[in-house]
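See below for query-v3.cif, which holds mmCIF, C-alpha atoms and all ligand atoms.
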```cif
data_protein
loop_
_atom_site.label_atom_id
_atom_site.label_comp_id
_atom_site.auth_asym_id
_atom_site.auth_seq_id
_atom_site.Cartn_x
_atom_site.Cartn_y
_atom_site.Cartn_z
CA MET Z 1 -7.02 -2.12 79.63
CA THR Z 2 -5.48 -5.50 78.96
CA ARG Z 3 -8.07 -8.22 78.62
CA PRO Z 4 -7.80 -10.82 81.37
CA LYS Z 5 -6.59 -14.27 80.42
CA ILE Z 6 -8.68 -17.33 81.16
CA MET Z 7 -7.42 -20.89 81.04
CA ILE Z 8 -10.06 -23.61 81.24
CA ILE Z 9 -9.01 -26.68 83.19
CA PRO Z 10 -11.59 -29.48 82.84
CA VAL Z 11 -11.79 -31.34 86.17
CA THR Z 12 -13.66 -34.28 87.72
CA PRO Z 13 -15.67 -36.99 85.92
CA PHE Z 14 -18.16 -34.17 85.14
CA GLN Z 15 -15.63 -32.30 82.97
CA GLN Z 16 -16.34 -29.16 84.92
CA ASN Z 17 -14.82 -25.94 83.51
CA CYS Z 18 -12.51 -25.02 86.39
CA SER Z 19 -10.87 -21.73 85.36
CA LEU Z 20 -7.70 -19.88 86.03
CA VAL Z 21 -8.26 -16.16 85.44
CA TRP Z 22 -5.49 -13.61 85.61
CA ASN Z 23 -4.21 -10.22 84.58
CA GLU Z 24 -1.38 -10.66 82.10
CA ASP Z 25 0.41 -7.48 83.32
CA THR Z 26 0.61 -8.49 86.96
CA ARG Z 27 0.24 -12.28 86.58
CA ILE Z 28 -2.01 -12.22 89.63
CA GLY Z 29 -5.07 -14.42 89.35
CA ALA Z 30 -7.67 -16.67 90.92
CA VAL Z 31 -8.96 -20.21 90.50
CA VAL Z 32 -12.70 -20.42 89.92
CA ASP Z 33 -14.50 -23.64 90.91
CA PRO Z 34 -11.73 -26.14 91.68
CA GLY Z 35 -13.99 -29.19 91.75
CA GLY Z 36 -11.17 -31.72 92.05
CA ASP Z 37 -8.02 -32.97 90.30
CA VAL Z 38 -6.00 -30.49 92.32
CA ASP Z 39 -2.71 -31.81 90.85
CA VAL Z 40 -3.97 -30.93 87.36
CA ILE Z 41 -4.96 -27.44 88.55
CA ARG Z 42 -1.54 -26.94 90.17
CA LYS Z 43 0.21 -27.88 86.91
CA ALA Z 44 -1.91 -25.39 84.98
CA ILE Z 45 -1.06 -22.63 87.47
CA ASP Z 46 2.66 -23.41 87.16
CA GLN Z 47 2.46 -23.54 83.40
CA ALA Z 48 0.75 -20.14 83.24
CA GLN Z 49 3.20 -18.72 85.81
CA VAL Z 50 0.39 -17.09 87.69
CA THR Z 51 0.33 -16.12 91.37
CA VAL Z 52 -3.04 -17.25 92.66
CA GLU Z 53 -4.33 -14.90 95.34
CA LYS Z 54 -7.71 -16.50 95.98
CA ILE Z 55 -10.20 -19.25 95.16
CA LEU Z 56 -13.69 -18.30 93.99
CA LEU Z 57 -16.74 -20.58 94.10
CA THR Z 58 -20.00 -20.19 92.17
CA HIS Z 59 -21.85 -22.88 94.17
CA GLY Z 60 -21.40 -25.82 96.50
CA HIS Z 61 -21.69 -28.81 94.17
CA ILE Z 62 -18.94 -31.41 94.32
CA ASP Z 63 -17.73 -30.85 90.73
CA HIS Z 64 -17.19 -27.14 91.52
CA ALA Z 65 -16.11 -27.14 95.17
CA GLY Z 66 -14.69 -30.62 95.79
CA GLY Z 67 -11.03 -29.54 95.52
CA GLY Z 68 -11.51 -26.30 97.45
CA ALA Z 69 -10.14 -27.39 100.84
CA GLU Z 70 -7.09 -29.10 99.39
CA LEU Z 71 -6.21 -26.25 97.03
CA ARG Z 72 -6.66 -23.72 99.83
CA ASP Z 73 -4.25 -25.68 102.04
CA GLN Z 74 -1.68 -26.01 99.27
CA LEU Z 75 -1.77 -22.39 98.09
CA LYS Z 76 -2.58 -20.81 101.45
CA VAL Z 77 -5.16 -18.47 99.99
CA ALA Z 78 -8.73 -17.61 100.94
CA ILE Z 79 -11.91 -19.10 99.48
CA GLU Z 80 -14.63 -16.59 98.57
CA GLY Z 81 -18.16 -17.76 97.75
CA PRO Z 82 -20.65 -19.11 97.22
CA HIS Z 83 -23.67 -17.69 99.11
CA GLU Z 84 -24.13 -19.09 102.60
CA LYS Z 85 -27.30 -20.93 101.50
CA ASP Z 86 -24.99 -23.55 99.93
CA ALA Z 87 -23.35 -24.30 103.32
CA PHE Z 88 -25.21 -27.64 103.50
CA LEU Z 89 -23.64 -28.74 100.20
CA LEU Z 90 -20.12 -27.86 101.36
CA LYS Z 91 -20.73 -29.84 104.54
CA ASP Z 92 -21.84 -32.83 102.45
CA LEU Z 93 -18.81 -32.82 100.12
CA PRO Z 94 -17.18 -35.95 101.65
CA LYS Z 95 -20.42 -37.88 101.15
CA SER Z 96 -20.92 -36.66 97.57
CA GLY Z 97 -17.28 -37.38 96.79
CA ALA Z 98 -17.61 -40.97 97.99
CA GLN Z 99 -20.64 -41.35 95.73
CA TYR Z 100 -18.57 -40.46 92.68
CA GLY Z 101 -15.42 -42.26 93.73
CA TYR Z 102 -13.19 -39.42 94.84
CA GLN Z 103 -12.17 -37.76 98.05
CA ALA Z 104 -13.39 -34.31 98.95
CA ARG Z 105 -13.17 -32.50 102.26
CA ALA Z 106 -15.82 -30.34 103.86
CA PHE Z 107 -14.91 -26.70 104.52
CA THR Z 108 -16.26 -23.28 105.30
CA PRO Z 109 -15.26 -20.48 102.92
CA ASP Z 110 -13.33 -17.50 104.29
CA ARG Z 111 -16.02 -15.24 102.90
CA TRP Z 112 -19.64 -15.90 101.96
CA LEU Z 113 -20.91 -13.80 99.07
CA LYS Z 114 -24.20 -12.02 98.62
CA GLU Z 115 -25.99 -9.81 96.11
CA GLY Z 116 -24.15 -6.55 95.50
CA ASP Z 117 -20.83 -7.72 96.91
CA LYS Z 118 -17.68 -7.08 94.95
CA VAL Z 119 -14.82 -9.52 94.62
CA THR Z 120 -11.39 -8.48 93.41
CA VAL Z 121 -8.67 -10.52 91.74
CA GLY Z 122 -5.68 -8.19 91.54
CA THR Z 123 -7.04 -5.30 89.50
CA LEU Z 124 -10.04 -7.28 88.19
CA GLU Z 125 -13.38 -6.65 89.82
CA PHE Z 126 -16.43 -8.89 89.84
CA ASP Z 127 -19.99 -8.00 90.87
CA ILE Z 128 -21.85 -10.75 92.70
CA LEU Z 129 -25.31 -11.68 91.45
CA GLU Z 130 -27.36 -14.13 93.50
CA CYS Z 131 -28.97 -16.55 91.05
CA PRO Z 132 -30.62 -19.34 93.07
CA GLY Z 133 -32.54 -22.28 91.61
CA HIS Z 134 -29.87 -24.80 90.59
CA THR Z 135 -28.68 -24.56 94.18
CA PRO Z 136 -30.00 -22.11 96.79
CA GLY Z 137 -26.63 -20.37 97.09
CA SER Z 138 -25.53 -20.11 93.45
CA VAL Z 139 -23.82 -16.85 92.51
CA VAL Z 140 -22.68 -15.45 89.15
CA LEU Z 141 -19.44 -13.44 88.98
CA PHE Z 142 -19.77 -10.53 86.55
CA ASN Z 143 -16.84 -8.45 85.33
CA ASN Z 144 -18.37 -5.28 83.90
CA ALA Z 145 -15.12 -3.75 82.60
CA HIS Z 146 -14.48 -6.68 80.26
CA ARG Z 147 -18.11 -7.75 79.90
CA PHE Z 148 -17.97 -11.39 80.94
CA CYS Z 149 -19.29 -13.75 83.65
CA PHE Z 150 -18.32 -16.91 85.40
CA MET Z 151 -21.72 -18.52 85.27
CA GLY Z 152 -21.49 -21.71 87.31
CA ASP Z 153 -24.45 -23.96 86.48
CA VAL Z 154 -27.10 -21.24 86.12
CA LEU Z 155 -27.17 -20.81 82.32
CA PHE Z 156 -25.54 -22.89 79.57
CA GLN Z 157 -25.28 -22.69 75.83
CA GLY Z 158 -28.77 -23.88 74.83
CA SER Z 159 -29.79 -24.97 78.31
CA VAL Z 160 -30.21 -23.97 81.95
CA GLY Z 161 -29.06 -25.52 85.22
CA ARG Z 162 -30.78 -28.70 86.34
CA THR Z 163 -33.24 -28.28 89.18
CA ASP Z 164 -34.29 -31.88 89.79
CA PHE Z 165 -32.72 -31.90 93.26
CA PRO Z 166 -34.84 -31.78 96.42
CA TYR Z 167 -33.61 -28.19 96.86
CA GLY Z 168 -33.89 -27.23 93.16
CA ASP Z 169 -36.29 -24.51 92.01
CA HIS Z 170 -36.78 -24.11 88.27
CA GLU Z 171 -39.03 -21.07 88.58
CA ALA Z 172 -36.50 -19.24 90.77
CA LEU Z 173 -33.78 -20.09 88.27
CA ILE Z 174 -35.68 -18.67 85.29
CA THR Z 175 -36.62 -15.59 87.33
CA ALA Z 176 -32.96 -14.98 88.22
CA ILE Z 177 -31.90 -15.36 84.58
CA ARG Z 178 -34.65 -12.97 83.45
CA ASP Z 179 -34.18 -10.33 86.15
CA LYS Z 180 -30.42 -10.41 86.67
CA LEU Z 181 -28.63 -11.94 83.69
CA LEU Z 182 -30.57 -10.82 80.62
CA PRO Z 183 -30.38 -7.15 81.69
CA LEU Z 184 -26.57 -7.34 81.73
CA GLY Z 185 -26.69 -6.94 77.95
CA ASP Z 186 -26.48 -9.10 74.83
CA ASP Z 187 -22.75 -8.45 74.41
CA VAL Z 188 -21.83 -10.09 77.72
CA ALA Z 189 -19.90 -13.33 77.25
CA PHE Z 190 -19.97 -16.10 79.81
CA LEU Z 191 -18.27 -19.32 80.68
CA PRO Z 192 -20.63 -21.90 82.16
CA GLY Z 193 -19.64 -24.73 84.47
CA HIS Z 194 -19.92 -27.25 81.64
CA GLY Z 195 -19.69 -27.07 77.85
CA PRO Z 196 -18.79 -24.17 75.57
CA ALA Z 197 -18.84 -20.44 76.28
CA SER Z 198 -21.69 -18.31 74.99
CA THR Z 199 -23.14 -14.81 75.22
CA ILE Z 200 -26.25 -13.44 76.90
CA GLY Z 201 -27.57 -12.33 73.48
CA GLU Z 202 -27.12 -15.77 71.94
CA GLU Z 203 -29.09 -17.35 74.78
CA ARG Z 204 -31.75 -14.66 74.81
CA ARG Z 205 -32.41 -15.42 71.14
CA GLY Z 206 -31.84 -19.16 70.89
CA ASN Z 207 -32.12 -20.84 74.28
CA PRO Z 208 -35.33 -22.93 74.29
CA PHE Z 209 -35.68 -22.51 78.06
CA LEU Z 210 -35.86 -18.73 77.68
CA THR Z 211 -38.48 -18.58 74.93
CA GLY Z 212 -41.01 -15.93 75.87
CA VAL Z 213 -39.13 -15.07 79.06
CA SER Z 214 -37.71 -11.66 78.20
ZN ZN Z 301 -23.97 -27.63 89.92
ZN ZN Z 302 -21.54 -28.50 87.59
#
```
Could you render the structure from this file as C-alpha cells?
Ligand SMILES: [Zn+2]
Ligand SMILES: [Zn+2]
Amino acid sequence: MTRPKIMIIPVTPFQQNCSLVWNEDTRIGAVVDPGGDVDVIRKAIDQAQVTVEKILLTHGHIDHAGGGAELRDQLKVAIEGPHEKDAFLLKDLPKSGAQYGYQARAFTPDRWLKEGDKVTVGTLEFDILECPGHTPGSVVLFNNAHRFCFMGDVLFQGSVGRTDFPYGDHEALITAIRDKLLPLGDDVAFLPGHGPASTIGEERRGNPFLTGVS
C-alpha cells in the first residue's frame, strides 16, 4: 500500500495547516480545511498535479473554512464536513472574515459528517470521530490503514484547542481526546490545524493538558 502524500499549505493570517492529501498512484486527492488564500491552494494543487475530488472540513472556523465556498466553485467538487453543529459558524463566515480583513462567503456543505461516518478520497478511507469542545461540530478524520489523522484544532503538539469562546467546552474537549483519540493508539500520527505534526503517544506522555487524563 503506497503511503498517501500530504502537502501542507499554510493559509490565512493564522498560518493554518491547509492540506492537500492524495494517493500517488492515482493522483486523486482532497483539500482539507481551505481557510483562505485560494489562489495559493490552487497553485499547490497544480504543482502537485493532483485531481481534487472533494473538500473536507474539520470545523467551521474562518481559518479552516473561509475559502470553502470559493474553492468549491472553482473546482466544482463537493464539501464534506464538519458536523452540522458548526452550521452557525459557516453562516457567520462573512462576518468573521471582515473582522480579520478578508472576504469569506457563507455556505452549506454538501454533506454533514457524524460519528461513525466514513469519508473516501479515491482509495483512501477516513473514519469520522466527533470531538466537540473547541467548536460544537469539530470532527477528526482518521485513516486507519496508514495510521494518521487530520486533527483540526482539537489536539496540538503540547497543547489542546482553545475553548474560550461562548460555545467552547474544555471538559467536553478533554473527554473527547480521552475517549476517542487516545484509544486510537500511540503510533497514530496527526497533523493539527496549526504548528507541527505529532503522534498520539507523544501527546499522551508529554502534553501538559493530558496529565492524569488517561
Ligand atoms: Zn478552530
Ligand atoms: Zn484554527
Contacts of ligand ZN 301 (chain Z), 9 Å or closer, only C-alpha atoms and all ligand atoms, given as an MDAnalysis selection string:
chainID Z and resid 58:64 134:135 138 152:154 161:162 193
In Å, rounded to a single decimal, give me how far atom CA of Asp37 of chain Z is from atom CA of Glu53 of chain Z.
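Result for atom CA of Glu53 of chain Z versus atom CA of Asp37 of chain Z: 19.1 Å, one decimal.
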Nearby residues (only C-alpha atoms) at most 7 Å from Glu130 of chain Z, same-chain spacing under 2 positions excluded, as number ranges by chain:
Z: 114-115, 128, 132, 138-140
Considering all atoms listed in the file, state which residue in the set Z:Gln74, Z:Thr163, Z:Gln47, Z:Thr120 is at the smallest distance from ligand ZN 302 (chain Z).
Z:Thr163
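From atom CA of Val121 of chain Z back to atom CA of Asn143 of chain Z, the distance works out to 10.6 Å.
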Find the residues with any atom within 10 Å of (-4.6, -17.4, 87.6); use only C-alpha atoms and the coordinates as given in the file, and write the answer as a PyMOL selection string.
chain Z and resi 4-7+19-24+27-32+44-46+48-55+121
So the first atom is atom CA of Ser198 of chain Z and the second is atom CA of Gln157 of chain Z; what is the distance between them in Å, to one decimal place?
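Going from atom CA of Ser198 of chain Z over to atom CA of Gln157 of chain Z, I get 5.7 Å.
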If you count all atoms listed in the file, which residues fall within 9 Å of Phe190 of chain Z, apart from same-chain ones fewer than 4 positions away, as an MDAnalysis selection string?
chainID Z and resid 142 147:151 155:156 197:200
If we count all atoms listed in the file, what is near Trp112 of chain Z at a cut-off of 6 Å, once residues fewer than 5 positions away on the same chain are taken out, given as a list in words?
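Once the adjacent positions are removed, what remains is Gly81, Pro82, His83 and Glu84 of chain Z.
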Which residue of Z:Gly206, Z:Gly158, Z:Val119, Z:Val213 approaches Arg178 of chain Z most closely, using only C-alpha atoms
Z:Val213
Nearest to Gly137 of chain Z among Z:Thr123, Z:Asp179, Z:Gly67, Z:Asp169, with distances taken over only C-alpha atoms: which residue is it?
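When distances to Gly137 of chain Z are compared using only C-alpha atoms, the smallest one comes from Z:Asp169.
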What would the list of residues within 10 Å of (-16.4, -34.1, 99.7) (file frame) look like as a ChimeraX atom specification, if only C-alpha atoms are what count?
/Z:35-36,61-63,65-69,89-100,102-107
